[in-house]
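Here is the structure we will look at, set down as structure tokens.
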Amino acid sequence: EVFGVPLEKIMARSGEDKIPSIVKRTLCYLNHQPSLEGFFRVSAGVKDVDTLKEKVNSGDFSALDGSDPHLVAGLLKVYFIDLPEPLLTFDLYDNFIDVADTADCKAKLKEIFQKLPEVNKLTAACLFYFLSRVANAEAQSKMTTNNLAIVFGQILLRPKVESLVSLLRHSPKITSLLKCIIENYEEIIPANIKEAELIVDLISPAKQAKSALSTAGSESKLSSEQQKLKNIKLSVDDSIQVVLDRLDEMSKELASTTSLEETIEIAKRVRTAKRFLFSKENEGNSS
């Protein structure tokens with residue numbers, strides 16, 4: 001198994017080197033095309049992700065070859081979501097939150113990042129390197145640093161004991177932290193030039209990059225049905241972004257209010273939204 005397994009157990013297996021193979025292979029597959037429109041926002045089908053996950057979980061990494069990049073990106077997100085402990089660890093959660101929005105945030109983030117276990121640090125470094133490339137290609141990818149920070153915020157950084165209030169109060173800080181890391185990757189992440197080169201090499205092996213590039217050409221010509229599907233997905237993702245932006249606004253309202261009645265009202269609205277958006281019953285009805 002690959003998904004839901006602690007990083008240290010994965011790395012204890014024969015054949016694993018520096019970062020988990022699933023991260024290395026998916027990022028290597030995606031890394032040659034950071035300008036792809038809607039990275040991590042264009043949703044792959046749940047059934048398709050589950051099917052690919054099942055194959056990779058059984059050790060069949062060849063299933064990635066020729067797959068839709070959005071499907072591979074979705075699989076990578078699922079991998080990080082399924083980790084028993086978030087990539088940036090429970091232990092350092094408070095450290096990260098404490099430096100959000102501080103004047104010397106970049107310097108402090110660099111210090112905290114070096115405290116991560118080696119496999120977490122290198123895995124996160126490879127991910128943030130790729131996200132920085134996607135953000136740098138914003139004109140084509142349509143993914144800003146804020147978009148990417150929102151997508152990965154709660155996936156990479158969460159407390160061991162979660163509550164609705166802490167979720168709302170810390171959400172803007174987490175977004176701000178990830179945005180800072182993505183925008184200032186070179187200043188914050190690599191400890192030195194040697195490590196910077198290692199990060200690039202880990203997810204840019206020439207043979208795999210060429211293989212991935214050869215499959216990418218076939219997806220440039222979309223049928224009318226595929227183009228329609230793509231447009232619908234982008235439209236839905238835009239709606240999702242509106243919801244996320246509204247939740248951020250509510251979080252800020254909660255942080256600034258001193259009224260018990262307003263706090264209760266905000267909590268009710270969030271619970272209602274959460275119940276509707278994440279209940280399996282609603283998912284079933286919408287499918």
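Residue names in the structure tokens use chain letters A, B, ... in the order shown, residue numbers from 1 in each chain, and ligand numbers from 1 in the order shown.
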
Report task. With a distance cut-off of 7 Å and only C-alpha atoms, select the neighbouring residues of segment 60-72 of chain A, excluding the residue or stretch itself and same-chain residues fewer than 3 positions from it, and output the selection as a PyMOL selection string. Result -> chain A and resi 26+30+39-40+42-44+49+52+55-56+75-76+215

**Report entry** Glu37 of chain A surroundings by only C-alpha atoms, 7 Å radius, close-in-sequence under 5 positions cut, as a list of chain:residue names
**Finding:**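 The residues that qualify are A:Gln140, A:Ser141, A:Lys142.
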
Emit the selected residues as an mmCIF file, in the first residue's frame, including all heavy atoms.
```cif
data_model
loop_
_atom_site.group_PDB
_atom_site.id
_atom_site.type_symbol
_atom_site.label_atom_id
_atom_site.label_comp_id
_atom_site.auth_asym_id
_atom_site.auth_seq_id
_atom_site.Cartn_x
_atom_site.Cartn_y
_atom_site.Cartn_z
ATOM 1 N N GLN A 140 -0.773 31.471 -18.173
ATOM 2 C CA GLN A 140 -1.283 30.293 -18.879
ATOM 3 C C GLN A 140 -2.043 29.348 -17.943
ATOM 4 O O GLN A 140 -3.096 28.819 -18.293
ATOM 5 C CB GLN A 140 -0.137 29.518 -19.539
ATOM 6 C CG GLN A 140 0.596 30.257 -20.648
ATOM 7 C CD GLN A 140 1.599 31.266 -20.096
ATOM 8 O OE1 GLN A 140 2.216 31.038 -19.058
ATOM 9 N NE2 GLN A 140 1.740 32.391 -20.775
ATOM 10 N N SER A 141 -1.501 29.118 -16.750
ATOM 11 C CA SER A 141 -2.098 28.148 -15.833
ATOM 12 C C SER A 141 -3.369 28.670 -15.161
ATOM 13 O O SER A 141 -4.185 27.889 -14.679
ATOM 14 C CB SER A 141 -1.087 27.755 -14.748
ATOM 15 O OG SER A 141 -0.854 28.831 -13.854
ATOM 16 N N LYS A 142 -3.523 30.008 -15.137
ATOM 17 C CA LYS A 142 -4.662 30.649 -14.465
ATOM 18 C C LYS A 142 -4.695 30.329 -12.969
ATOM 19 O O LYS A 142 -5.733 30.418 -12.325
ATOM 20 C CB LYS A 142 -6.011 30.207 -15.098
ATOM 21 C CG LYS A 142 -6.079 30.319 -16.601
ATOM 22 C CD LYS A 142 -5.885 31.729 -17.089
ATOM 23 C CE LYS A 142 -6.027 31.818 -18.610
ATOM 24 N NZ LYS A 142 -5.681 33.152 -19.132
#
```

Query raised in the report: Counting only C-alpha atoms, what is within 10 Å of Ser171 of chain A, bar same-chain residues fewer than 5 positions away, as number ranges by chain?
Result: A: 97, 150, 153-154, 157-158, 165-166, 176-177, 247-248, 251-252

Report task. For each of A:Phe113, A:Arg169, A:Ala255, A:Asp201, take the minimum atom-to-atom distance to Ile189 of chain A, counting only C-alpha atoms, then give the residue where this is smallest. Result ->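 Among the listed residues, A:Phe113 lies closest to Ile189 of chain A.
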
**Report entry** Residue among A:Asn95, A:Val161, A:Phe128, A:Gln114 lying closest to Val200 of chain A, counting only C-alpha atoms
**Finding:**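 For Val200 of chain A, the nearest of the candidates is A:Phe128.
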
Report task. Please give the complete set of residues from segment 40-136 of chain A that DSSP, run on the backbone, assigns to helix (DSSP H, G or I), formatted as a ChimeraX atom specification. Result -> /A:46-57,61-64,69-82,93-99,105-113,118-136

Report task. Mind checking which residues fall within 12 Å of Lys115 of chain A, counting only C-alpha atoms, ignoring those fewer than 2 positions away in the same chain, and posting them as a list in words? Result ->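 Using only C-alpha atoms, the neighbours found are Leu88, Thr89, Asp91, Leu92, Tyr93, Asn95, Phe96, Lys108, Leu109, Lys110, Glu111, Ile112, Phe113, Pro117, Glu118, Val119, Asn120, Lys121, Leu122, Ile189 and Ala191 of chain A.
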
Would you put the residues from that selection into a file with C-alpha atoms, as a PDB file, in the first residue's frame?
```
ATOM      1  CA  LEU A  88       4.264  19.955   7.620  1.00  0.00           C
ATOM      2  CA  THR A  89       3.615  17.905  10.810  1.00  0.00           C
ATOM      3  CA  ASP A  91       4.440  19.275  16.035  1.00  0.00           C
ATOM      4  CA  LEU A  92       5.304  22.374  14.008  1.00  0.00           C
ATOM      5  CA  TYR A  93       1.729  23.570  13.447  1.00  0.00           C
ATOM      6  CA  ASN A  95       5.285  27.362  15.032  1.00  0.00           C
ATOM      7  CA  PHE A  96       3.962  28.012  11.539  1.00  0.00           C
ATOM      8  CA  LYS A 108      11.282  32.522  10.371  1.00  0.00           C
ATOM      9  CA  LEU A 109       9.686  30.184   7.850  1.00  0.00           C
ATOM     10  CA  LYS A 110      13.130  29.167   6.627  1.00  0.00           C
ATOM     11  CA  GLU A 111      14.123  28.306  10.210  1.00  0.00           C
ATOM     12  CA  ILE A 112      10.957  26.289  10.832  1.00  0.00           C
ATOM     13  CA  PHE A 113      11.278  24.468   7.525  1.00  0.00           C
ATOM     14  CA  PRO A 117      12.009  15.570   9.465  1.00  0.00           C
ATOM     15  CA  GLU A 118      14.272  15.053   6.452  1.00  0.00           C
ATOM     16  CA  VAL A 119      11.744  13.188   4.299  1.00  0.00           C
ATOM     17  CA  ASN A 120       9.001  15.728   5.086  1.00  0.00           C
ATOM     18  CA  LYS A 121      11.346  18.597   4.318  1.00  0.00           C
ATOM     19  CA  LEU A 122      12.519  17.228   0.982  1.00  0.00           C
ATOM     20  CA  ILE A 189      13.107  26.371   0.993  1.00  0.00           C
ATOM     21  CA  ALA A 191      19.150  25.377   2.548  1.00  0.00           C
TER      22      ALA A 191
END
```

Query - Of the listed residues A:Tyr29, A:Asn184, A:Val2, A:Leu198, that which approaches Glu16 of chain A most closely, counting only C-alpha atoms - result: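 When distances to Glu16 of chain A are compared using only C-alpha atoms, the smallest one comes from A:Val2.
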
Query raised in the report: Residues at most 10 Å from Ser132 of chain A, counting only C-alpha atoms, excluding those fewer than 3 positions away in the same chain, as an MDAnalysis selection string?
Result: chainID A and resid 34 126:129 135:138 144:145 148 179 181:186

Report summary line: Using only C-alpha atoms, the shortest atom-to-atom distance to Asn147 of chain A among A:Ile193, A:Gly38, A:Ala100, A:Tyr79 belongs to A:Gly38

Report task. Tell me, in Å to one decimal, how far atom CA of Leu254 of chain A is from atom CA of Ala149 of chain A. Result ->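 Going from atom CA of Leu254 of chain A over to atom CA of Ala149 of chain A covers 20.6 Å.
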
Query raised in the report: Interatomic distance between atom CA of Ala124 of chain A and atom CA of Ile188 of chain A?
Result: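 If I compute the distance from atom CA of Ala124 of chain A to atom CA of Ile188 of chain A, I get 11.8 Å.
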
Query raised in the report: For Phe130 of chain A, which residue among A:Phe3, A:Glu262, A:Leu202, A:Arg13 is the nearest when counting only C-alpha atoms?
Result: A:Leu202

Query raised in the report: What does the distance from atom CA of Ile81 of chain A to atom CA of Ile155 of chain A come to in Å, to one decimal?
Result: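 Here the two named atoms are 5.5 Å from each other.
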
Near Ser256 of chain A, counting only C-alpha atoms, which residues have an atom at most 12 Å away, once you skip same-chain residues fewer than 6 positions from it, shown as a compact mmCIF listing (two decimals) with all heavy atoms, in the first residue's frame?
```txt
# COMPACT_ATOMS: atom_id res chain seq x y z
N LEU A 168 -11.55 28.36 11.31
CA LEU A 168 -11.91 29.66 10.74
C LEU A 168 -10.86 30.72 11.03
O LEU A 168 -10.52 31.54 10.18
CB LEU A 168 -13.27 30.10 11.26
CG LEU A 168 -14.48 29.35 10.69
CD1 LEU A 168 -15.74 29.72 11.45
CD2 LEU A 168 -14.66 29.66 9.21
N ARG A 169 -10.34 30.72 12.25
CA ARG A 169 -9.38 31.75 12.64
C ARG A 169 -8.01 31.55 12.01
O ARG A 169 -7.30 32.51 11.73
CB ARG A 169 -9.27 31.80 14.17
CG ARG A 169 -10.50 32.42 14.81
CD ARG A 169 -10.36 32.57 16.30
NE ARG A 169 -11.49 33.32 16.85
CZ ARG A 169 -11.78 33.42 18.14
NH1 ARG A 169 -11.02 32.81 19.03
NH2 ARG A 169 -12.81 34.13 18.55
N GLU A 249 -13.70 35.42 3.85
CA GLU A 249 -14.31 36.65 4.37
C GLU A 249 -14.98 36.39 5.72
O GLU A 249 -14.86 37.19 6.66
CB GLU A 249 -15.35 37.19 3.37
CG GLU A 249 -14.74 37.75 2.09
CD GLU A 249 -15.82 38.14 1.09
OE1 GLU A 249 -17.00 38.16 1.47
OE2 GLU A 249 -15.47 38.41 -0.08
N MET A 250 -15.70 35.26 5.82
CA MET A 250 -16.37 34.91 7.07
C MET A 250 -15.37 34.67 8.18
O MET A 250 -15.59 35.00 9.35
CB MET A 250 -17.25 33.68 6.86
CG MET A 250 -18.47 33.96 5.98
SD MET A 250 -19.34 32.45 5.50
CE MET A 250 -19.95 31.90 7.10
N GLU A 262 -23.05 37.56 16.83
CA GLU A 262 -22.46 37.48 15.49
C GLU A 262 -21.62 36.22 15.34
O GLU A 262 -21.62 35.58 14.28
CB GLU A 262 -21.59 38.72 15.23
CG GLU A 262 -22.38 39.99 15.03
CD GLU A 262 -21.48 41.19 14.74
OE1 GLU A 262 -20.26 40.99 14.59
OE2 GLU A 262 -22.00 42.32 14.66
N THR A 263 -20.89 35.87 16.39
CA THR A 263 -20.07 34.65 16.35
C THR A 263 -20.93 33.41 16.14
O THR A 263 -20.62 32.53 15.33
CB THR A 263 -19.27 34.50 17.65
OG1 THR A 263 -18.42 35.65 17.82
CG2 THR A 263 -18.40 33.24 17.62
N ILE A 266 -22.27 33.32 12.53
CA ILE A 266 -21.24 32.89 11.58
C ILE A 266 -21.02 31.39 11.69
O ILE A 266 -20.92 30.68 10.68
CB ILE A 266 -19.91 33.64 11.83
CG1 ILE A 266 -20.06 35.13 11.48
CG2 ILE A 266 -18.77 33.04 10.99
CD1 ILE A 266 -18.89 35.99 11.90
```

Query - Counting only C-alpha atoms, the residue of A:Val134, A:Val151, A:Leu116, A:Ala125 that sits nearest Gly74 of chain A - result: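 Nearest to Gly74 of chain A: A:Val151.
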